[in-house]
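The structure file model18.pdb is reproduced below (PDB, C-alpha atoms, pLDDT in the B column).
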```pdb
MODEL        1
ATOM      1  CA  MET U  26     111.270 121.435  70.984  1.00 86.00           C
ATOM      2  CA  LYS U  27     112.590 118.876  73.447  1.00 91.00           C
ATOM      3  CA  VAL U  28     111.332 115.433  74.347  1.00 92.00           C
ATOM      4  CA  TYR U  29     111.639 113.654  77.672  1.00 94.00           C
ATOM      5  CA  GLU U  30     112.439 109.980  77.989  1.00 95.00           C
ATOM      6  CA  ILE U  31     111.002 108.646  81.225  1.00 97.00           C
ATOM      7  CA  GLU U  32     111.480 105.195  82.719  1.00 98.00           C
ATOM      8  CA  ILE U  33     108.550 103.917  84.795  1.00 98.00           C
ATOM      9  CA  GLU U  34     108.803 101.033  87.231  1.00 98.00           C
ATOM     10  CA  LEU U  35     105.900  99.537  89.149  1.00 98.00           C
ATOM     11  CA  SER U  36     107.111  99.231  92.755  1.00 98.00           C
ATOM     12  CA  GLY U  37     107.031  96.070  94.834  1.00 97.00           C
ATOM     13  CA  ILE U  38     106.572  93.409  92.142  1.00 95.00           C
ATOM     14  CA  LYS U  39     108.980  90.737  90.927  1.00 93.00           C
ATOM     15  CA  PRO U  40     109.812  90.157  88.175  1.00 94.00           C
ATOM     16  CA  ARG U  41     110.261  93.830  87.425  1.00 97.00           C
ATOM     17  CA  ILE U  42     107.453  95.539  85.478  1.00 98.00           C
ATOM     18  CA  TRP U  43     108.754  98.623  83.684  1.00 98.00           C
ATOM     19  CA  ARG U  44     108.214 100.891  80.689  1.00 98.00           C
ATOM     20  CA  LYS U  45     110.139 103.598  78.874  1.00 98.00           C
ATOM     21  CA  VAL U  46     108.104 106.396  77.304  1.00 97.00           C
ATOM     22  CA  ILE U  47     108.788 109.540  75.290  1.00 94.00           C
ATOM     23  CA  ILE U  48     106.754 112.650  75.967  1.00 94.00           C
ATOM     24  CA  GLU U  49     107.097 116.181  74.650  1.00 92.00           C
ATOM     25  CA  GLU U  50     108.248 119.026  76.885  1.00 92.00           C
ATOM     26  CA  THR U  51     104.935 120.883  76.473  1.00 92.00           C
ATOM     27  CA  ALA U  52     102.872 117.945  77.762  1.00 93.00           C
ATOM     28  CA  THR U  53     101.009 118.432  81.041  1.00 94.00           C
ATOM     29  CA  LEU U  54     101.024 116.001  83.949  1.00 94.00           C
ATOM     30  CA  ASP U  55      97.519 114.969  82.846  1.00 94.00           C
ATOM     31  CA  MET U  56      99.048 113.884  79.533  1.00 94.00           C
ATOM     32  CA  LEU U  57     101.857 112.085  81.358  1.00 96.00           C
ATOM     33  CA  HIS U  58      99.209 110.290  83.454  1.00 96.00           C
ATOM     34  CA  LEU U  59      97.417 109.116  80.283  1.00 96.00           C
ATOM     35  CA  THR U  60     100.747 108.106  78.746  1.00 97.00           C
ATOM     36  CA  ILE U  61     101.534 105.987  81.809  1.00 98.00           C
ATOM     37  CA  GLN U  62      98.037 104.491  81.720  1.00 97.00           C
ATOM     38  CA  GLY U  63      98.445 103.407  78.104  1.00 97.00           C
ATOM     39  CA  ALA U  64     101.997 102.165  78.564  1.00 98.00           C
ATOM     40  CA  MET U  65     100.951 100.053  81.540  1.00 97.00           C
ATOM     41  CA  GLY U  66      97.756  98.840  79.880  1.00 94.00           C
ATOM     42  CA  TRP U  67      95.361 100.472  82.330  1.00 95.00           C
ATOM     43  CA  LEU U  68      92.168 102.274  81.377  1.00 92.00           C
ATOM     44  CA  ASN U  69      92.135 105.442  83.504  1.00 94.00           C
ATOM     45  CA  TYR U  70      89.362 104.193  85.821  1.00 93.00           C
ATOM     46  CA  HIS U  71      90.798 105.566  89.067  1.00 96.00           C
ATOM     47  CA  SER U  72      92.362 108.594  90.744  1.00 96.00           C
ATOM     48  CA  TYR U  73      96.067 109.292  90.590  1.00 97.00           C
ATOM     49  CA  ASP U  74      98.709 111.629  91.911  1.00 97.00           C
ATOM     50  CA  PHE U  75     102.292 112.616  91.222  1.00 97.00           C
ATOM     51  CA  ASN U  76     104.726 113.483  93.995  1.00 96.00           C
ATOM     52  CA  ILE U  77     107.506 115.657  92.582  1.00 95.00           C
ATOM     53  CA  ASP U  78     109.972 117.089  95.092  1.00 93.00           C
ATOM     54  CA  GLY U  79     107.335 116.852  97.839  1.00 93.00           C
ATOM     55  CA  GLN U  80     104.688 118.662  95.821  1.00 93.00           C
ATOM     56  CA  VAL U  81     101.574 116.612  95.014  1.00 95.00           C
ATOM     57  CA  PHE U  82      99.726 117.016  91.726  1.00 95.00           C
ATOM     58  CA  ASN U  83      96.503 115.194  90.781  1.00 94.00           C
ATOM     59  CA  GLU U  84      93.413 115.604  88.616  1.00 90.00           C
ATOM     60  CA  LEU U  85      92.076 118.215  91.066  1.00 90.00           C
ATOM     61  CA  THR U  86      95.220 120.369  91.042  1.00 89.00           C
ATOM     62  CA  GLU U  87      94.296 123.762  89.596  1.00 86.00           C
ATOM     63  CA  THR U  88      97.617 124.507  87.944  1.00 83.00           C
ATOM     64  CA  ARG U  89      98.590 122.360  84.987  1.00 84.00           C
ATOM     65  CA  PRO U  90     102.372 122.497  84.820  1.00 89.00           C
ATOM     66  CA  VAL U  91     104.126 121.202  81.733  1.00 93.00           C
ATOM     67  CA  MET U  92     107.120 118.872  81.697  1.00 93.00           C
ATOM     68  CA  SER U  93     109.652 121.613  81.033  1.00 93.00           C
ATOM     69  CA  ASP U  94     108.424 123.596  84.072  1.00 92.00           C
ATOM     70  CA  ILE U  95     108.901 120.844  86.623  1.00 92.00           C
ATOM     71  CA  LEU U  96     111.187 118.075  85.359  1.00 91.00           C
ATOM     72  CA  LYS U  97     114.847 117.871  84.461  1.00 90.00           C
ATOM     73  CA  ARG U  98     117.207 115.105  83.370  1.00 91.00           C
ATOM     74  CA  GLY U  99     118.005 112.648  86.149  1.00 92.00           C
ATOM     75  CA  GLU U 100     115.013 113.626  88.250  1.00 93.00           C
ATOM     76  CA  THR U 101     113.116 110.883  90.022  1.00 97.00           C
ATOM     77  CA  PHE U 102     109.540 111.145  91.252  1.00 97.00           C
ATOM     78  CA  GLU U 103     106.501 109.049  92.138  1.00 98.00           C
ATOM     79  CA  TYR U 104     103.202 108.311  90.436  1.00 98.00           C
ATOM     80  CA  ARG U 105     100.410 106.583  92.354  1.00 98.00           C
ATOM     81  CA  TYR U 106      97.345 105.111  90.661  1.00 98.00           C
ATOM     82  CA  ASP U 107      94.143 103.640  92.108  1.00 97.00           C
ATOM     83  CA  MET U 108      94.159 104.631  95.756  1.00 95.00           C
ATOM     84  CA  GLY U 109      92.387 101.342  96.641  1.00 94.00           C
ATOM     85  CA  ASP U 110      94.912  99.017  94.975  1.00 96.00           C
ATOM     86  CA  ASP U 111      97.584 101.680  95.580  1.00 96.00           C
ATOM     87  CA  TRP U 112      99.896 101.061  92.615  1.00 98.00           C
ATOM     88  CA  LEU U 113     103.068 103.049  93.279  1.00 98.00           C
ATOM     89  CA  HIS U 114     105.441 103.750  90.400  1.00 98.00           C
ATOM     90  CA  GLN U 115     108.964 105.155  90.458  1.00 98.00           C
ATOM     91  CA  LEU U 116     109.702 107.429  87.507  1.00 98.00           C
ATOM     92  CA  LYS U 117     113.044 108.719  86.311  1.00 98.00           C
ATOM     93  CA  VAL U 118     113.759 111.235  83.568  1.00 97.00           C
ATOM     94  CA  THR U 119     116.532 109.341  81.782  1.00 96.00           C
ATOM     95  CA  GLU U 120     117.031 111.769  78.918  1.00 94.00           C
ATOM     96  CA  VAL U 121     116.021 115.223  77.699  1.00 94.00           C
ATOM     97  CA  ARG U 122     116.924 115.785  74.071  1.00 90.00           C
ATOM     98  CA  ASP U 123     116.030 117.838  71.052  1.00 90.00           C
ATOM     99  CA  HIS U 124     113.075 116.521  69.117  1.00 83.00           C
ATOM    100  CA  THR U 125     114.078 114.737  65.932  1.00 77.00           C
ATOM    101  CA  ARG U 126     111.955 113.860  62.946  1.00 75.00           C
ATOM    102  CA  PHE U 127     112.064 110.250  64.173  1.00 69.00           C
ATOM    103  CA  ASP U 128     110.413 111.080  67.508  1.00 63.00           C
ATOM    104  CA  THR U 129     106.719 110.449  67.866  1.00 68.00           C
ATOM    105  CA  TYR U 130     105.062 112.235  70.742  1.00 73.00           C
ATOM    106  CA  GLN U 131     103.792 110.217  73.666  1.00 85.00           C
ATOM    107  CA  LYS U 132     104.829 106.693  72.877  1.00 93.00           C
ATOM    108  CA  CYS U 133     106.249 103.649  74.596  1.00 96.00           C
ATOM    109  CA  THR U 134     109.692 102.546  73.438  1.00 95.00           C
ATOM    110  CA  ALA U 135     110.511  99.632  75.757  1.00 97.00           C
ATOM    111  CA  GLY U 136     109.292  97.573  78.675  1.00 98.00           C
ATOM    112  CA  GLU U 137     108.936  94.146  80.202  1.00 98.00           C
ATOM    113  CA  GLN U 138     106.142  92.090  81.758  1.00 97.00           C
ATOM    114  CA  ALA U 139     102.420  92.734  81.605  1.00 96.00           C
ATOM    115  CA  CYS U 140     100.992  95.185  84.085  1.00 95.00           C
ATOM    116  CA  PRO U 141      98.507  93.805  86.638  1.00 96.00           C
ATOM    117  CA  PRO U 142      94.872  93.948  85.514  1.00 95.00           C
ATOM    118  CA  GLU U 143      92.689  96.784  86.831  1.00 93.00           C
ATOM    119  CA  ASP U 144      91.041  96.073  90.191  1.00 94.00           C
ATOM    120  CA  CYS U 145      92.938  92.869  90.936  1.00 96.00           C
ATOM    121  CA  GLY U 146      93.533  93.870  94.570  1.00 96.00           C
ATOM    122  CA  GLY U 147      96.931  95.525  94.622  1.00 97.00           C
ATOM    123  CA  ILE U 148     100.161  93.584  95.030  1.00 97.00           C
ATOM    124  CA  PRO U 149      98.659  90.790  97.208  1.00 97.00           C
ATOM    125  CA  GLY U 150      95.732  90.335  94.783  1.00 96.00           C
ATOM    126  CA  TYR U 151      98.057  90.339  91.786  1.00 96.00           C
ATOM    127  CA  GLU U 152     100.359  87.745  93.350  1.00 96.00           C
ATOM    128  CA  GLN U 153      97.340  85.563  94.192  1.00 97.00           C
ATOM    129  CA  LEU U 154      95.966  85.946  90.651  1.00 96.00           C
ATOM    130  CA  CYS U 155      99.294  84.835  89.128  1.00 95.00           C
ATOM    131  CA  LYS U 156      99.514  81.883  91.522  1.00 96.00           C
ATOM    132  CA  ILE U 157      95.984  80.739  90.589  1.00 96.00           C
ATOM    133  CA  LEU U 158      96.542  81.199  86.842  1.00 95.00           C
ATOM    134  CA  ARG U 159      99.733  79.073  86.984  1.00 94.00           C
ATOM    135  CA  ASN U 160      97.898  76.203  88.716  1.00 96.00           C
ATOM    136  CA  ASN U 161      95.345  74.507  86.447  1.00 95.00           C
ATOM    137  CA  ASN U 162      94.163  72.412  89.419  1.00 97.00           C
ATOM    138  CA  HIS U 163      93.408  75.385  91.674  1.00 97.00           C
ATOM    139  CA  PRO U 164      89.668  75.496  92.530  1.00 97.00           C
ATOM    140  CA  GLU U 165      89.469  79.120  91.359  1.00 96.00           C
ATOM    141  CA  HIS U 166      91.507  78.643  88.183  1.00 96.00           C
ATOM    142  CA  SER U 167      88.536  78.564  85.826  1.00 96.00           C
ATOM    143  CA  SER U 168      86.779  81.614  87.314  1.00 96.00           C
ATOM    144  CA  MET U 169      89.988  83.654  87.503  1.00 96.00           C
ATOM    145  CA  LYS U 170      90.952  82.686  83.956  1.00 94.00           C
ATOM    146  CA  LYS U 171      87.527  83.898  82.822  1.00 96.00           C
ATOM    147  CA  TRP U 172      87.878  87.136  84.846  1.00 96.00           C
ATOM    148  CA  ALA U 173      91.429  87.829  83.632  1.00 95.00           C
ATOM    149  CA  GLY U 174      90.680  86.961  80.003  1.00 92.00           C
ATOM    150  CA  ALA U 175      93.802  86.749  77.853  1.00 90.00           C
ATOM    151  CA  PHE U 176      96.024  88.198  80.600  1.00 93.00           C
ATOM    152  CA  ASP U 177      99.481  86.647  80.740  1.00 94.00           C
ATOM    153  CA  PRO U 178     101.923  88.263  83.199  1.00 94.00           C
ATOM    154  CA  GLU U 179     104.887  87.636  80.902  1.00 93.00           C
ATOM    155  CA  ILE U 180     103.507  89.196  77.720  1.00 95.00           C
ATOM    156  CA  PHE U 181     104.162  92.839  76.866  1.00 97.00           C
ATOM    157  CA  SER U 182     103.973  94.606  73.499  1.00 97.00           C
ATOM    158  CA  VAL U 183     105.538  98.019  72.811  1.00 97.00           C
ATOM    159  CA  THR U 184     103.273  98.383  69.776  1.00 96.00           C
ATOM    160  CA  GLN U 185     100.112  97.736  71.791  1.00 96.00           C
ATOM    161  CA  ALA U 186     101.261 100.062  74.576  1.00 97.00           C
ATOM    162  CA  SER U 187     101.887 102.905  72.104  1.00 95.00           C
ATOM    163  CA  ALA U 188      98.492 102.287  70.460  1.00 95.00           C
ATOM    164  CA  MET U 189      96.812 102.408  73.875  1.00 96.00           C
ATOM    165  CA  ILE U 190      98.590 105.694  74.689  1.00 95.00           C
ATOM    166  CA  SER U 191      97.323 107.212  71.434  1.00 93.00           C
ATOM    167  CA  ALA U 192      93.765 105.995  72.088  1.00 94.00           C
ATOM    168  CA  LEU U 193      93.656 107.397  75.627  1.00 93.00           C
ATOM    169  CA  LEU U 194      95.043 110.760  74.536  1.00 91.00           C
ATOM    170  CA  VAL U 195      92.508 111.014  71.682  1.00 90.00           C
ATOM    171  CA  LEU U 196      89.632 110.150  74.032  1.00 86.00           C
ATOM    172  CA  SER U 197      90.654 112.678  76.692  1.00 79.00           C
TER     173      SER U 197
ENDMDL
END
```
Do you think you could lay out the structure here as structure tokens?
Amino acid sequence: MKVYEIEIELSGIKPRIWRKVIIEETATLDMLHLTIQGAMGWLNYHSYDFNIDGQVFNELTETRPVMSDILKRGETFEYRYDMGDDWLHQLKVTEVRDHTRFDTYQKCTAGEQACPPEDCGGIPGYEQLCKILRNNNHPEHSSMKKWAGAFDPEIFSVTQASAMISALLVLS
């Protein structure tokens, strides 16, 4: 069996928000979607689609292709989540290798920066949220801090991301 290493970057945000995940070759795009959700820290609340070589796949697509049917090393493609906030991600298959006994299926192996919270209003809403959270004197600081909870844009944990991936896959 082979595993795919895929790098995911959330488009349009600085500093760069990215993840690296490992997924098995027999995984479907639905499983890749849930893997991305967990790696980014999202909760699968919204619709999504993949655009691979001009072909669009989403939760309504009848065929359920697996990784080995549609992806190869070096391939780049897009993943879009939450059509209201419109989070666009660039994905790249960085490696396809034989499975080793050290590989765990569907896990996050690297990344930087926290992903924006669900329903924060896309890139403009996220930028505004970060600006408010950095300014203790902002009139909305208290309410946004309460809404965002423990969110800190600079904190990311590979361990938590992998745990979230596992939880989402078990619940699906």
Matched chain/residue IDs from the PyMOL selection byres ((chain U and resi 31) around 6), as a list in words = Glu30, Glu32, Lys45, Val46, Lys117, Val118 and Thr119 of chain U
Please write as a list in words the full residue list that the PyMOL selection byres ((chain U and resi 189-197) around 7) yields on this file.
-> Leu59, Thr60, Gly63, Ala64, Gln131, Lys132, Gln185, Ala186, Ser187 and Ala188 of chain U
May I have the protein, DNA and RNA residues with any atom at most 12 Å from the point (92.8, 83.6, 83.4), counting only C-alpha atoms, written as a list in words?
->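 All residues meeting the 12 Å criterion around (92.8, 83.6, 83.4) are Pro142, Cys145, Tyr151, Gln153, Leu154, Cys155, Lys156, Ile157, Leu158, Arg159, Asn160, Asn161, His163, Glu165, His166, Ser167, Ser168, Met169, Lys170, Lys171, Trp172, Ala173, Gly174, Ala175, Phe176, Asp177 and Pro178 of chain U.
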Straight-line distance linking atom CA of Arg89 of chain U with atom CA of Val183 of chain U, stated in Å to one decimal =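 Calculated distance between atom CA of Arg89 of chain U and atom CA of Val183 of chain U is 28.1 Å.
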Determine the nearest neighbour of Tyr70 of chain U from the options U:Gly99, U:Gly37, U:Gly109, U:Gly136, counting all atoms listed in the file.
-> U:Gly109
Have a look at U:Leu96, U:Leu54, U:Leu85, U:Ile148 and name the one nearest to Glu120 of chain U; count all atoms listed in the file.
->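 That would be U:Leu96, the residue with the smallest distance to Glu120 of chain U.
Of note, atom CA of Ile33 of chain U and atom CA of Ile61 of chain U are spaced 7.9 Å apart.
The nearest approach to Asp78 of chain U among the residues U:Ile38, U:Ala52, U:Leu113, U:Ile95, with only C-alpha atoms taken into account, belongs to U:Ile95.
Atom CA of Thr125 of chain U is positioned 23.8 Å from atom CA of Ser182 of chain U.
Comparing the minimum interatomic distances between Ile180 of chain U and each of U:Val81, U:His114, U:Glu143, U:Glu137, counting all atoms listed in the file, we find that U:Glu137 sits nearest.
If you count all atoms listed in the file and ignore residues fewer than 3 places along the chain from Phe75 of chain U, what sits within 7 Å of it is Val81, Phe82, Asn83, Glu103, Tyr104 and Arg105 of chain U.
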Given all atoms listed in the file as the counted atoms, nearest of U:Arg98, U:Gln138, U:Glu152, U:Glu84 to Arg41 of chain U | U:Gln138
Need the axis-aligned box for segment 131-134 of chain U with 8 Å each side, so what are the centre and edges in Å to one decimal, as JSON?
```
{"center_x": 106.7, "center_y": 106.4, "center_z": 73.7, "size_x": 21.9, "size_y": 23.7, "size_z": 17.7}
```
For Gly147 of chain U, work out the shell of residues within 7 Å, counting only C-alpha atoms and skipping chain neighbours fewer than 3 positions away, then give it as a list in words.
-> Asp110, Asp111, Trp112, Gly150 and Tyr151 of chain U
Final N, CA, C and O atoms of segment 105-125 of chain U as a PDB file, in the frame of the given file:
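Final output, rebuild_35.pdb:
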```pdb
ATOM      1  N   ARG U 105     101.261 107.560  91.681  1.00 98.00           N
ATOM      2  CA  ARG U 105     100.410 106.583  92.354  1.00 98.00           C
ATOM      3  C   ARG U 105      99.082 106.529  91.626  1.00 98.00           C
ATOM      4  O   ARG U 105      98.498 107.562  91.302  1.00 98.00           O
ATOM      5  N   TYR U 106      98.597 105.315  91.386  1.00 98.00           N
ATOM      6  CA  TYR U 106      97.345 105.111  90.661  1.00 98.00           C
ATOM      7  C   TYR U 106      96.448 104.167  91.442  1.00 98.00           C
ATOM      8  O   TYR U 106      96.922 103.187  92.009  1.00 98.00           O
ATOM      9  N   ASP U 107      95.173 104.451  91.453  1.00 97.00           N
ATOM     10  CA  ASP U 107      94.143 103.640  92.108  1.00 97.00           C
ATOM     11  C   ASP U 107      94.420 103.573  93.607  1.00 97.00           C
ATOM     12  O   ASP U 107      95.103 102.670  94.081  1.00 97.00           O
ATOM     13  N   MET U 108      93.863 104.519  94.327  1.00 95.00           N
ATOM     14  CA  MET U 108      94.159 104.631  95.756  1.00 95.00           C
ATOM     15  C   MET U 108      93.679 103.413  96.557  1.00 95.00           C
ATOM     16  O   MET U 108      94.116 103.207  97.669  1.00 95.00           O
ATOM     17  N   GLY U 109      92.798 102.587  95.980  1.00 94.00           N
ATOM     18  CA  GLY U 109      92.387 101.342  96.641  1.00 94.00           C
ATOM     19  C   GLY U 109      93.451 100.265  96.481  1.00 94.00           C
ATOM     20  O   GLY U 109      93.916  99.677  97.447  1.00 94.00           O
ATOM     21  N   ASP U 110      93.848  99.995  95.229  1.00 96.00           N
ATOM     22  CA  ASP U 110      94.912  99.017  94.975  1.00 96.00           C
ATOM     23  C   ASP U 110      96.286  99.619  95.270  1.00 96.00           C
ATOM     24  O   ASP U 110      97.230  98.891  95.551  1.00 96.00           O
ATOM     25  N   ASP U 111      96.383 100.937  95.197  1.00 96.00           N
ATOM     26  CA  ASP U 111      97.584 101.680  95.580  1.00 96.00           C
ATOM     27  C   ASP U 111      98.827 101.246  94.801  1.00 96.00           C
ATOM     28  O   ASP U 111      99.823 100.825  95.370  1.00 96.00           O
ATOM     29  N   TRP U 112      98.754 101.395  93.465  1.00 98.00           N
ATOM     30  CA  TRP U 112      99.896 101.061  92.615  1.00 98.00           C
ATOM     31  C   TRP U 112     100.880 102.228  92.618  1.00 98.00           C
ATOM     32  O   TRP U 112     100.586 103.293  92.114  1.00 98.00           O
ATOM     33  N   LEU U 113     102.034 102.021  93.199  1.00 98.00           N
ATOM     34  CA  LEU U 113     103.068 103.049  93.279  1.00 98.00           C
ATOM     35  C   LEU U 113     104.115 102.783  92.210  1.00 98.00           C
ATOM     36  O   LEU U 113     104.593 101.655  92.055  1.00 98.00           O
ATOM     37  N   HIS U 114     104.458 103.834  91.483  1.00 98.00           N
ATOM     38  CA  HIS U 114     105.441 103.750  90.400  1.00 98.00           C
ATOM     39  C   HIS U 114     106.590 104.714  90.697  1.00 98.00           C
ATOM     40  O   HIS U 114     106.358 105.836  91.166  1.00 98.00           O
ATOM     41  N   GLN U 115     107.793 104.287  90.384  1.00 98.00           N
ATOM     42  CA  GLN U 115     108.964 105.155  90.458  1.00 98.00           C
ATOM     43  C   GLN U 115     109.280 105.585  89.030  1.00 98.00           C
ATOM     44  O   GLN U 115     109.381 104.744  88.141  1.00 98.00           O
ATOM     45  N   LEU U 116     109.400 106.892  88.830  1.00 98.00           N
ATOM     46  CA  LEU U 116     109.702 107.429  87.507  1.00 98.00           C
ATOM     47  C   LEU U 116     111.039 108.140  87.541  1.00 98.00           C
ATOM     48  O   LEU U 116     111.382 108.788  88.538  1.00 98.00           O
ATOM     49  N   LYS U 117     111.759 108.025  86.435  1.00 98.00           N
ATOM     50  CA  LYS U 117     113.044 108.719  86.311  1.00 98.00           C
ATOM     51  C   LYS U 117     113.152 109.303  84.911  1.00 98.00           C
ATOM     52  O   LYS U 117     112.931 108.606  83.929  1.00 98.00           O
ATOM     53  N   VAL U 118     113.494 110.582  84.849  1.00 97.00           N
ATOM     54  CA  VAL U 118     113.759 111.235  83.568  1.00 97.00           C
ATOM     55  C   VAL U 118     115.157 110.791  83.163  1.00 97.00           C
ATOM     56  O   VAL U 118     116.146 111.214  83.744  1.00 97.00           O
ATOM     57  N   THR U 119     115.234 109.897  82.173  1.00 96.00           N
ATOM     58  CA  THR U 119     116.532 109.341  81.782  1.00 96.00           C
ATOM     59  C   THR U 119     117.225 110.171  80.718  1.00 96.00           C
ATOM     60  O   THR U 119     118.441 110.099  80.573  1.00 96.00           O
ATOM     61  N   GLU U 120     116.435 110.957  79.976  1.00 94.00           N
ATOM     62  CA  GLU U 120     117.031 111.769  78.918  1.00 94.00           C
ATOM     63  C   GLU U 120     116.110 112.929  78.557  1.00 94.00           C
ATOM     64  O   GLU U 120     114.895 112.791  78.558  1.00 94.00           O
ATOM     65  N   VAL U 121     116.723 114.074  78.286  1.00 94.00           N
ATOM     66  CA  VAL U 121     116.021 115.223  77.699  1.00 94.00           C
ATOM     67  C   VAL U 121     116.835 115.582  76.466  1.00 94.00           C
ATOM     68  O   VAL U 121     118.028 115.840  76.553  1.00 94.00           O
ATOM     69  N   ARG U 122     116.179 115.545  75.313  1.00 90.00           N
ATOM     70  CA  ARG U 122     116.924 115.785  74.071  1.00 90.00           C
ATOM     71  C   ARG U 122     116.085 116.600  73.107  1.00 90.00           C
ATOM     72  O   ARG U 122     114.869 116.716  73.258  1.00 90.00           O
ATOM     73  N   ASP U 123     116.746 117.120  72.102  1.00 90.00           N
ATOM     74  CA  ASP U 123     116.030 117.838  71.052  1.00 90.00           C
ATOM     75  C   ASP U 123     115.154 116.862  70.292  1.00 90.00           C
ATOM     76  O   ASP U 123     115.541 115.718  70.052  1.00 90.00           O
ATOM     77  N   HIS U 124     113.988 117.326  69.926  1.00 83.00           N
ATOM     78  CA  HIS U 124     113.075 116.521  69.117  1.00 83.00           C
ATOM     79  C   HIS U 124     113.716 116.276  67.763  1.00 83.00           C
ATOM     80  O   HIS U 124     114.330 117.165  67.175  1.00 83.00           O
ATOM     81  N   THR U 125     113.598 115.049  67.278  1.00 77.00           N
ATOM     82  CA  THR U 125     114.078 114.737  65.932  1.00 77.00           C
ATOM     83  C   THR U 125     112.881 114.313  65.091  1.00 77.00           C
ATOM     84  O   THR U 125     111.813 114.013  65.619  1.00 77.00           O
TER      85      THR U 125
END
```
